[in-house]
$ cat query.tsv   # TSV, C-alpha atoms
chain	number	residue	atom	x	y	z
A	1	MET	CA	3.10	21.74	12.30
A	2	ASP	CA	3.10	25.32	13.60
A	3	LYS	CA	1.30	26.17	16.87
A	4	ILE	CA	-1.17	28.41	15.06
A	5	TYR	CA	-2.21	25.41	12.97
A	6	TYR	CA	-3.26	23.11	15.89
A	7	GLU	CA	-6.68	24.61	16.54
A	8	GLU	CA	-7.41	24.80	12.83
A	9	TYR	CA	-6.17	21.25	12.26
A	10	PHE	CA	-8.32	19.95	15.12
A	11	GLU	CA	-11.43	21.08	13.27
A	12	LEU	CA	-10.13	19.99	9.88
A	13	GLU	CA	-9.42	16.41	11.00
A	14	ARG	CA	-13.02	16.04	12.10
A	15	LYS	CA	-14.99	18.01	9.51
A	16	HIS	CA	-13.09	18.58	6.26
A	17	TRP	CA	-14.20	16.43	3.34
A	18	TRP	CA	-10.65	15.24	2.55
A	19	PHE	CA	-9.98	13.88	6.04
A	20	ARG	CA	-13.40	12.24	6.20
A	21	ALA	CA	-12.99	10.58	2.80
A	22	ARG	CA	-9.44	9.45	3.62
A	23	LYS	CA	-10.79	7.87	6.81
A	24	GLU	CA	-13.38	5.91	4.81
A	25	ILE	CA	-10.75	4.69	2.34
A	26	ILE	CA	-8.26	3.63	5.01
A	27	ASN	CA	-10.89	1.98	7.19
A	28	SER	CA	-12.27	-0.06	4.31
A	29	LEU	CA	-8.80	-1.50	3.68
A	30	LEU	CA	-7.99	-2.04	7.35
A	31	ARG	CA	-11.25	-3.89	7.97
A	32	LYS	CA	-10.29	-6.24	5.15
A	33	ASN	CA	-6.71	-6.81	6.33
A	34	VAL	CA	-6.70	-6.54	10.14
A	35	THR	CA	-7.88	-9.77	11.70
A	36	GLY	CA	-9.09	-10.51	15.22
A	37	ASP	CA	-10.11	-8.24	18.09
A	38	GLY	CA	-8.03	-6.37	20.63
A	39	ASN	CA	-5.07	-5.75	18.36
A	40	ALA	CA	-2.27	-3.61	19.76
A	41	VAL	CA	-2.26	-0.49	17.57
A	42	LEU	CA	0.47	2.11	17.20
A	43	ASN	CA	-0.55	5.42	15.63
A	44	ILE	CA	2.50	7.50	14.69
A	45	GLY	CA	2.02	11.17	13.93
A	46	ALA	CA	-1.32	11.25	15.73
A	47	ALA	CA	-1.65	15.03	15.30
A	48	THR	CA	-4.83	16.22	17.06
A	49	GLY	CA	-6.14	12.76	17.88
A	50	GLU	CA	-8.88	11.97	15.40
A	51	THR	CA	-6.98	9.12	13.74
A	52	SER	CA	-6.39	7.56	17.17
A	53	ASN	CA	-10.12	7.79	17.87
A	54	TRP	CA	-11.14	5.75	14.83
A	55	LEU	CA	-8.17	3.37	14.98
A	56	SER	CA	-9.44	2.30	18.40
A	57	ALA	CA	-11.99	0.15	16.54
A	58	TYR	CA	-9.12	-2.32	15.94
A	59	GLY	CA	-7.79	-2.43	19.50
A	60	PRO	CA	-6.07	-0.31	22.16
A	61	VAL	CA	-4.15	2.55	20.55
A	62	THR	CA	-0.78	3.96	21.56
A	63	SER	CA	-0.45	7.45	20.09
A	64	VAL	CA	2.88	9.05	19.17
A	65	GLU	CA	3.38	12.66	18.11
A	66	TYR	CA	6.68	14.44	17.51
A	67	GLU	CA	5.54	17.98	18.37
A	68	LYS	CA	5.52	18.56	22.14
A	69	ASP	CA	3.19	21.53	21.84
A	70	CYS	CA	0.73	19.45	19.82
A	71	CYS	CA	0.79	16.73	22.50
A	72	ALA	CA	0.06	19.33	25.18
A	73	PHE	CA	-2.73	20.79	23.05
A	74	VAL	CA	-4.41	17.39	22.63
A	75	LYS	CA	-4.10	16.56	26.33
A	76	GLU	CA	-5.76	19.85	27.22
A	77	LYS	CA	-8.42	19.53	24.52
A	78	LEU	CA	-9.28	15.81	24.80
A	79	ASN	CA	-7.46	14.59	27.92
A	80	LEU	CA	-5.65	12.03	25.77
A	81	ASP	CA	-2.11	11.00	26.64
A	82	PHE	CA	0.27	11.13	23.70
A	83	ILE	CA	3.86	9.94	23.75
A	84	THR	CA	6.27	12.56	22.43
A	85	ALA	CA	8.72	10.78	20.14
A	86	SER	CA	10.12	10.64	16.61
A	87	ILE	CA	9.15	7.99	14.08
A	88	THR	CA	12.88	7.43	13.51
A	89	GLU	CA	13.49	6.64	17.20
A	90	LEU	CA	10.40	4.96	18.63
A	91	PRO	CA	10.66	4.34	22.41
A	92	PHE	CA	9.32	0.77	22.24
A	93	GLU	CA	10.68	-2.75	22.33
A	94	GLU	CA	10.65	-4.89	19.22
A	95	ILE	CA	7.56	-6.76	17.96
A	96	GLN	CA	4.99	-4.95	20.13
A	97	TYR	CA	2.17	-4.04	17.74
A	98	ASP	CA	-0.27	-5.82	15.43
A	99	LEU	CA	-1.04	-2.65	13.46
A	100	VAL	CA	1.48	0.16	12.94
A	101	ALA	CA	0.07	3.22	11.17
A	102	ALA	CA	1.65	6.43	9.91
A	103	PHE	CA	-0.82	8.51	7.93
A	104	ASP	CA	0.91	11.37	6.10
A	105	VAL	CA	3.95	11.26	8.36
A	106	ILE	CA	7.12	10.00	6.67
A	107	GLU	CA	7.14	12.87	4.17
A	108	HIS	CA	7.96	15.11	7.15
A	109	VAL	CA	11.19	13.38	8.20
A	110	GLU	CA	14.62	13.61	6.61
A	111	ASN	CA	15.37	9.89	6.93
A	112	ASP	CA	12.31	8.04	5.66
A	113	VAL	CA	14.34	4.82	5.39
A	114	ALA	CA	14.92	4.88	9.16
A	115	ALA	CA	11.24	5.73	9.72
A	116	VAL	CA	10.03	2.63	7.87
A	117	ALA	CA	12.70	0.49	9.55
A	118	GLU	CA	11.40	1.59	12.97
A	119	MET	CA	7.81	0.81	12.00
A	120	PHE	CA	8.95	-2.64	10.89
A	121	ARG	CA	10.96	-3.19	14.10
A	122	VAL	CA	8.03	-2.62	16.45
A	123	CYS	CA	5.53	-4.54	14.29
A	124	LYS	CA	4.76	-8.14	15.25
A	125	PRO	CA	5.38	-10.95	12.75
A	126	GLY	CA	2.20	-11.22	10.72
A	127	GLY	CA	1.28	-7.67	11.68
A	128	LEU	CA	0.29	-4.88	9.31
A	129	ILE	CA	2.05	-1.61	8.51
A	130	ALA	CA	-0.18	1.08	6.97
A	131	ILE	CA	1.22	4.22	5.36
A	132	THR	CA	-0.20	7.14	3.40
A	133	VAL	CA	1.90	9.89	1.78
A	134	PRO	CA	1.38	12.77	-0.68
A	135	ALA	CA	2.16	11.98	-4.31
A	136	PHE	CA	4.17	13.57	-7.15
A	137	GLU	CA	6.74	16.32	-6.67
A	138	PHE	CA	5.21	18.39	-9.47
A	139	LEU	CA	2.17	18.87	-7.22
A	140	TRP	CA	4.32	20.71	-4.67
A	141	SER	CA	2.60	23.88	-3.46
A	142	LYS	CA	2.33	26.28	-0.54
A	143	HIS	CA	0.33	23.54	1.19
A	144	ASP	CA	3.50	21.40	1.38
A	145	ASP	CA	5.53	24.30	2.75
A	146	ILE	CA	2.97	25.02	5.48
A	147	ASN	CA	2.85	21.35	6.45
A	148	HIS	CA	6.67	21.12	6.56
A	149	HIS	CA	6.87	18.38	3.95
A	150	ARG	CA	10.30	17.32	2.74
A	151	ARG	CA	9.12	15.39	-0.29
A	152	ARG	CA	6.22	13.93	-2.22
A	153	TYR	CA	6.39	10.35	-3.53
A	154	ARG	CA	5.95	8.20	-6.57
A	155	MET	CA	4.84	4.61	-6.04
A	156	ARG	CA	8.24	3.13	-6.84
A	157	GLN	CA	9.87	5.34	-4.20
A	158	LEU	CA	7.43	4.21	-1.54
A	159	ILE	CA	7.79	0.53	-2.45
A	160	LYS	CA	11.59	0.83	-2.34
A	161	LEU	CA	11.41	1.73	1.37
A	162	PHE	CA	10.16	-1.80	2.06
A	163	ASP	CA	12.56	-3.71	-0.19
A	164	ALA	CA	14.94	-4.57	2.66
A	165	HIS	CA	12.21	-5.92	4.94
A	166	PRO	CA	10.80	-9.47	4.82
A	167	GLY	CA	7.11	-9.52	4.09
A	168	ARG	CA	4.74	-8.59	1.30
A	169	ILE	CA	2.73	-5.65	0.09
A	170	VAL	CA	-0.94	-6.59	0.43
A	171	PHE	CA	-2.27	-3.41	-1.16
A	172	LYS	CA	-0.88	-0.33	-2.87
A	173	SER	CA	-2.50	2.43	-4.86
A	174	TYR	CA	-2.66	6.12	-5.54
A	175	PHE	CA	-5.85	7.66	-4.19
A	176	ASN	CA	-7.82	10.90	-4.45
A	177	SER	CA	-7.57	10.07	-8.14
A	178	PHE	CA	-10.97	11.24	-9.37
A	179	LEU	CA	-10.06	14.78	-8.30
A	180	PHE	CA	-6.52	14.60	-9.62
A	181	LEU	CA	-6.97	16.85	-12.64
A	182	PRO	CA	-8.69	19.82	-10.93
A	183	VAL	CA	-6.30	19.66	-7.96
A	184	ALA	CA	-3.24	19.46	-10.21
A	185	VAL	CA	-4.39	22.35	-12.40
A	186	THR	CA	-5.26	24.50	-9.37
A	187	ARG	CA	-1.93	23.86	-7.65
A	188	MET	CA	0.18	24.52	-10.73
A	189	ALA	CA	-1.79	27.69	-11.51
A	190	ALA	CA	-1.44	28.90	-7.92
A	191	ASN	CA	2.31	28.31	-8.07
A	192	LEU	CA	2.51	30.57	-11.12
A	193	VAL	CA	-0.01	33.18	-9.90
A	194	PRO	CA	-0.49	32.84	-6.10
A	195	ALA	CA	-3.33	35.39	-6.04
A	196	ILE	CA	-5.54	32.98	-7.99
A	197	VAL	CA	-6.24	31.00	-4.81
A	198	ARG	CA	-7.59	32.83	-1.78
A	199	ARG	CA	-6.33	31.09	1.32
A	200	LYS	CA	-7.64	31.46	4.85
A	201	GLY	CA	-6.19	30.67	8.26
A	202	SER	CA	-2.80	28.98	8.00
A	203	GLY	CA	-3.03	29.04	4.22
A	204	SER	CA	-3.05	25.28	3.63
A	205	ASP	CA	-5.14	23.76	0.83
A	206	PHE	CA	-7.62	22.68	3.51
A	207	SER	CA	-8.48	26.33	4.18
A	208	TYR	CA	-10.72	26.50	1.12
A	209	SER	CA	-13.33	23.94	0.16
A	210	GLY	CA	-15.72	25.68	-2.24
A	211	GLY	CA	-18.75	25.70	0.04
A	212	SER	CA	-20.94	22.99	1.53
A	213	VAL	CA	-22.32	21.61	-1.76
A	214	ILE	CA	-18.89	21.32	-3.38
A	215	SER	CA	-17.45	19.82	-0.18
A	216	PHE	CA	-20.20	17.20	-0.11
A	217	LEU	CA	-19.63	16.29	-3.76
A	218	PHE	CA	-15.85	16.07	-3.30
A	219	TYR	CA	-16.33	13.89	-0.21
A	220	ARG	CA	-18.64	11.48	-2.01
A	221	LEU	CA	-16.41	11.36	-5.08
A	222	MET	CA	-13.19	10.66	-3.17
A	223	LYS	CA	-14.90	8.25	-0.80
A	224	SER	CA	-16.25	6.23	-3.74
A	225	GLU	CA	-12.72	5.13	-4.64
A	226	ARG	CA	-12.88	2.59	-1.81
A	227	ILE	CA	-15.32	0.53	-3.90
A	228	PHE	CA	-12.55	-0.05	-6.44
A	229	PHE	CA	-9.98	-0.79	-3.74
A	230	MET	CA	-12.22	-3.37	-2.07
A	231	ASN	CA	-12.39	-5.16	-5.41
A	232	GLY	CA	-8.63	-5.21	-5.82
A	233	ILE	CA	-8.48	-2.35	-8.31
A	234	SER	CA	-5.77	0.26	-7.81
A	235	PHE	CA	-5.17	3.59	-9.55
A	236	PRO	CA	-2.00	4.63	-11.45
A	237	PHE	CA	-2.16	8.27	-10.33
A	238	GLY	CA	-3.66	10.40	-7.59
A	239	ILE	CA	-2.94	13.16	-5.10
A	240	SER	CA	-1.89	10.65	-2.42
A	241	LEU	CA	-0.56	7.11	-2.00
A	242	ILE	CA	-1.56	4.29	0.33
A	243	LEU	CA	0.43	1.12	1.02
A	244	LEU	CA	-0.28	-1.83	3.35
A	245	PHE	CA	2.60	-4.18	4.17
A	246	ARG	CA	2.31	-7.51	5.98
A	247	LYS	CA	5.41	-8.37	8.03
A	248	GLU	CA	6.65	-11.90	7.48
A	249	ASN	CA	5.71	-14.45	10.16
$ encode --input "query.tsv" --output "structure tokens"
Amino acid sequence: MDKIYYEEYFELERKHWWFRARKEIINSLLRKNVTGDGNAVLNIGAATGETSNWLSAYGPVTSVEYEKDCCAFVKEKLNLDFITASITELPFEEIQYDLVAAFDVIEHVENDVAAVAEMFRVCKPGGLIAITVPAFEFLWSKHDDINHHRRRYRMRQLIKLFDAHPGRIVFKSYFNSFLFLPVAVTRMAANLVPAIVRRKGSGSDFSYSGGSVISFLFYRLMKSERIFFMNGISFPFGISLILLFRKEN
């Protein structure tokens, strides 16, 4: 994440419809699968701190962020202490955490196999690993370039990262599925004719939302997917992927 993006991202994490809907989806699944109070939580790729704020509902949160400047920004803005470290080399002993989360993180690192292995290493037996990633390479756009993504995933690729680790997948699905068609069409059109999409700020997809009414409708539509997930229904396509993995006792 570039320095110029921090201030913008701070507001986006707290106000943009996509982040708010993603929070609702993730929280609905965590509430169903994280048991007990006071769980030790590790939030990797904590960015500007909003995910750490709402993950604190499950227990004390240790926040990790790779970008030193981002850590300094958050400390100045919120007086929160972040640990500067890479997901591929976490500075923790084994079996420390009940919940290990990396929301839209592993697509940024070259060695995603090592990233998942590190998450597994620090997770307690019986603990939960929660991951979200962007989906489908054909959806690649300027948004991915600005966010320094290395790849987008299909479900089978994400599942394969856990094949070597004892445990079981308790939930997996694509999400942001109801908006898949308009997003896909817009991204592919913008790749062909960039001037079609007017971007503001850093130029990420989050920089345009279509106004307050459209943002509200998109939020409600994406958020509603959690109803399906809570009833065990997953989607075969979407803009993103979510996977929850229970480490073997």
$ residues_around --input "query.tsv" --residues "A:Phe162" --least-positions-apart "5" --cutoff "10 Å" --atoms "all atoms listed in the file" --output "PyMOL selection string"
chain A and resi 113+116-117+120+157+167-169+245
$ closest_residue --input "query.tsv" --among "A:Ala57, A:Ala47, A:Leu90, A:Ile227" --to "A:Val74" --atoms "all atoms listed in the file"
A:Ala47
$ atom_distance --input "query.tsv" --atom1 "atom CA of A:Ser86" --atom2 "atom CA of A:Gly126"
24.0 Å
$ residues_around --input "query.tsv" --residues "stretch 179-189 of chain A" --least-positions-apart "3" --cutoff "9 Å" --atoms "only C-alpha atoms" --output "list in words"
Phe138, Leu139, Trp140, Ser141, Lys142, Phe175, Asn176, Leu192, Val193, Pro194, Ile196, Val197, Phe218, Leu221, Met222, Phe237, Gly238 and Ile239 of chain A
$ closest_residue --input "query.tsv" --among "A:Glu8, A:Glu13, A:Glu24, A:Asp69" --to "A:Tyr219" --atoms "only C-alpha atoms"
A:Glu24
$ closest_residue --input "query.tsv" --among "A:Asn79, A:Thr84, A:Ser173, A:Gln96" --to "A:Leu42" --atoms "only C-alpha atoms"
A:Gln96
$ atom_distance --input "query.tsv" --atom1 "atom CA of A:Thr48" --atom2 "atom CA of A:Arg22"
15.7 Å
$ residues_around --input "query.tsv" --residues "A:Thr88" --least-positions-apart "3" --cutoff "9 Å" --atoms "all atoms listed in the file" --output "compact mmCIF listing (two decimals) with C-alpha atoms, in the frame of the given file"
# COMPACT_ATOMS: atom_id res chain seq x y z
CA ALA A 85 8.72 10.78 20.14
CA VAL A 109 11.19 13.38 8.20
CA ASN A 111 15.37 9.89 6.93
CA ASP A 112 12.31 8.04 5.66
CA VAL A 113 14.34 4.82 5.39
CA ALA A 114 14.92 4.88 9.16
CA ALA A 115 11.24 5.73 9.72
CA VAL A 116 10.03 2.63 7.87
CA ALA A 117 12.70 0.49 9.55
CA GLU A 118 11.40 1.59 12.97
CA MET A 119 7.81 0.81 12.00
$ residues_around --input "query.tsv" --residues "A:Arg152" --least-positions-apart "3" --cutoff "12 Å" --atoms "all atoms listed in the file" --output "count of residues only"
31
$ atom_distance --input "query.tsv" --atom1 "atom CA of A:Ile26" --atom2 "atom CA of A:Ser234"
13.5 Å
$ closest_residue --input "query.tsv" --among "A:Phe73, A:Phe178, A:Phe171, A:Tyr66" --to "A:Ile233" --atoms "all atoms listed in the file"
A:Phe171
$ axis_aligned_box --input "query.tsv" --around "stretch 63-79 of chain A" --padding-each-side "8 Å" --output "lines of an AutoDock Vina configuration file"
center_x = -1.3
center_y = 14.5
center_z = 22.7
size_x = 32.0
size_y = 30.1
size_z = 26.4
$ build_atoms --input "query.tsv" --residues "stretch 161-172 of chain A" --atoms "all heavy atoms" --output "mmCIF file, in the coordinates of the input"
data_model
loop_
_atom_site.group_PDB
_atom_site.id
_atom_site.type_symbol
_atom_site.label_atom_id
_atom_site.label_comp_id
_atom_site.auth_asym_id
_atom_site.auth_seq_id
_atom_site.Cartn_x
_atom_site.Cartn_y
_atom_site.Cartn_z
ATOM 1 N N LEU A 161 11.166 1.627 -0.066
ATOM 2 C CA LEU A 161 11.410 1.730 1.370
ATOM 3 C C LEU A 161 11.192 0.397 2.087
ATOM 4 O O LEU A 161 11.692 0.193 3.191
ATOM 5 C CB LEU A 161 10.508 2.796 1.986
ATOM 6 C CG LEU A 161 10.747 4.237 1.525
ATOM 7 C CD1 LEU A 161 9.690 5.167 2.123
ATOM 8 C CD2 LEU A 161 12.147 4.714 1.909
ATOM 9 N N PHE A 162 10.456 -0.506 1.451
ATOM 10 C CA PHE A 162 10.160 -1.800 2.060
ATOM 11 C C PHE A 162 10.981 -2.949 1.482
ATOM 12 O O PHE A 162 10.858 -4.081 1.938
ATOM 13 C CB PHE A 162 8.663 -2.114 1.899
ATOM 14 C CG PHE A 162 7.783 -1.257 2.759
ATOM 15 C CD1 PHE A 162 7.338 -0.020 2.318
ATOM 16 C CD2 PHE A 162 7.396 -1.673 4.027
ATOM 17 C CE1 PHE A 162 6.533 0.782 3.116
ATOM 18 C CE2 PHE A 162 6.594 -0.892 4.833
ATOM 19 C CZ PHE A 162 6.169 0.345 4.380
ATOM 20 N N ASP A 163 11.816 -2.655 0.495
ATOM 21 C CA ASP A 163 12.560 -3.710 -0.190
ATOM 22 C C ASP A 163 13.445 -4.531 0.748
ATOM 23 O O ASP A 163 13.636 -5.737 0.545
ATOM 24 C CB ASP A 163 13.431 -3.115 -1.309
ATOM 25 C CG ASP A 163 12.617 -2.760 -2.548
ATOM 26 O OD1 ASP A 163 11.441 -3.162 -2.617
ATOM 27 O OD2 ASP A 163 13.166 -2.071 -3.431
ATOM 28 N N ALA A 164 13.991 -3.881 1.774
ATOM 29 C CA ALA A 164 14.940 -4.570 2.660
ATOM 30 C C ALA A 164 14.252 -5.355 3.775
ATOM 31 O O ALA A 164 14.929 -6.003 4.577
ATOM 32 C CB ALA A 164 15.897 -3.540 3.280
ATOM 33 N N HIS A 165 12.924 -5.317 3.818
ATOM 34 C CA HIS A 165 12.210 -5.920 4.940
ATOM 35 C C HIS A 165 11.399 -7.137 4.493
ATOM 36 O O HIS A 165 10.656 -7.067 3.509
ATOM 37 C CB HIS A 165 11.278 -4.886 5.581
ATOM 38 C CG HIS A 165 11.994 -3.652 6.024
ATOM 39 N ND1 HIS A 165 12.911 -3.657 7.038
ATOM 40 C CD2 HIS A 165 11.937 -2.371 5.568
ATOM 41 C CE1 HIS A 165 13.384 -2.435 7.213
ATOM 42 N NE2 HIS A 165 12.813 -1.633 6.327
ATOM 43 N N PRO A 166 11.530 -8.260 5.197
ATOM 44 C CA PRO A 166 10.800 -9.470 4.820
ATOM 45 C C PRO A 166 9.307 -9.338 5.055
ATOM 46 O O PRO A 166 8.869 -8.960 6.146
ATOM 47 C CB PRO A 166 11.413 -10.555 5.714
ATOM 48 C CG PRO A 166 12.002 -9.815 6.870
ATOM 49 C CD PRO A 166 12.429 -8.495 6.351
ATOM 50 N N GLY A 167 8.564 -9.638 4.032
ATOM 51 C CA GLY A 167 7.110 -9.520 4.090
ATOM 52 C C GLY A 167 6.564 -9.276 2.701
ATOM 53 O O GLY A 167 7.270 -9.475 1.701
ATOM 54 N N ARG A 168 5.331 -8.820 2.621
ATOM 55 C CA ARG A 168 4.740 -8.590 1.300
ATOM 56 C C ARG A 168 3.783 -7.414 1.342
ATOM 57 O O ARG A 168 3.152 -7.134 2.376
ATOM 58 C CB ARG A 168 3.986 -9.842 0.819
ATOM 59 C CG ARG A 168 2.811 -10.244 1.679
ATOM 60 C CD ARG A 168 2.191 -11.564 1.237
ATOM 61 N NE ARG A 168 1.082 -11.949 2.092
ATOM 62 C CZ ARG A 168 -0.183 -11.583 1.885
ATOM 63 N NH1 ARG A 168 -0.489 -10.839 0.840
ATOM 64 N NH2 ARG A 168 -1.131 -11.982 2.705
ATOM 65 N N ILE A 169 3.697 -6.736 0.239
ATOM 66 C CA ILE A 169 2.730 -5.650 0.090
ATOM 67 C C ILE A 169 1.373 -6.264 -0.204
ATOM 68 O O ILE A 169 1.220 -6.997 -1.182
ATOM 69 C CB ILE A 169 3.156 -4.689 -1.034
ATOM 70 C CG1 ILE A 169 4.466 -3.986 -0.668
ATOM 71 C CG2 ILE A 169 2.057 -3.666 -1.298
ATOM 72 C CD1 ILE A 169 5.075 -3.182 -1.791
ATOM 73 N N VAL A 170 0.393 -6.012 0.635
ATOM 74 C CA VAL A 170 -0.940 -6.590 0.430
ATOM 75 C C VAL A 170 -1.863 -5.641 -0.336
ATOM 76 O O VAL A 170 -2.857 -6.077 -0.928
ATOM 77 C CB VAL A 170 -1.589 -6.990 1.771
ATOM 78 C CG1 VAL A 170 -0.781 -8.089 2.444
ATOM 79 C CG2 VAL A 170 -1.759 -5.809 2.715
ATOM 80 N N PHE A 171 -1.504 -4.355 -0.331
ATOM 81 C CA PHE A 171 -2.270 -3.410 -1.160
ATOM 82 C C PHE A 171 -1.432 -2.161 -1.358
ATOM 83 O O PHE A 171 -0.742 -1.697 -0.460
ATOM 84 C CB PHE A 171 -3.598 -3.019 -0.517
ATOM 85 C CG PHE A 171 -4.437 -2.131 -1.395
ATOM 86 C CD1 PHE A 171 -5.201 -2.679 -2.408
ATOM 87 C CD2 PHE A 171 -4.420 -0.750 -1.238
ATOM 88 C CE1 PHE A 171 -5.945 -1.859 -3.258
ATOM 89 C CE2 PHE A 171 -5.156 0.077 -2.076
ATOM 90 C CZ PHE A 171 -5.929 -0.485 -3.091
ATOM 91 N N LYS A 172 -1.523 -1.608 -2.579
ATOM 92 C CA LYS A 172 -0.880 -0.330 -2.870
ATOM 93 C C LYS A 172 -1.663 0.363 -3.973
ATOM 94 O O LYS A 172 -2.136 -0.264 -4.913
ATOM 95 C CB LYS A 172 0.584 -0.531 -3.292
ATOM 96 C CG LYS A 172 0.773 -1.371 -4.546
ATOM 97 C CD LYS A 172 2.243 -1.509 -4.894
ATOM 98 C CE LYS A 172 2.564 -2.435 -6.040
ATOM 99 N NZ LYS A 172 1.625 -2.685 -7.054
#
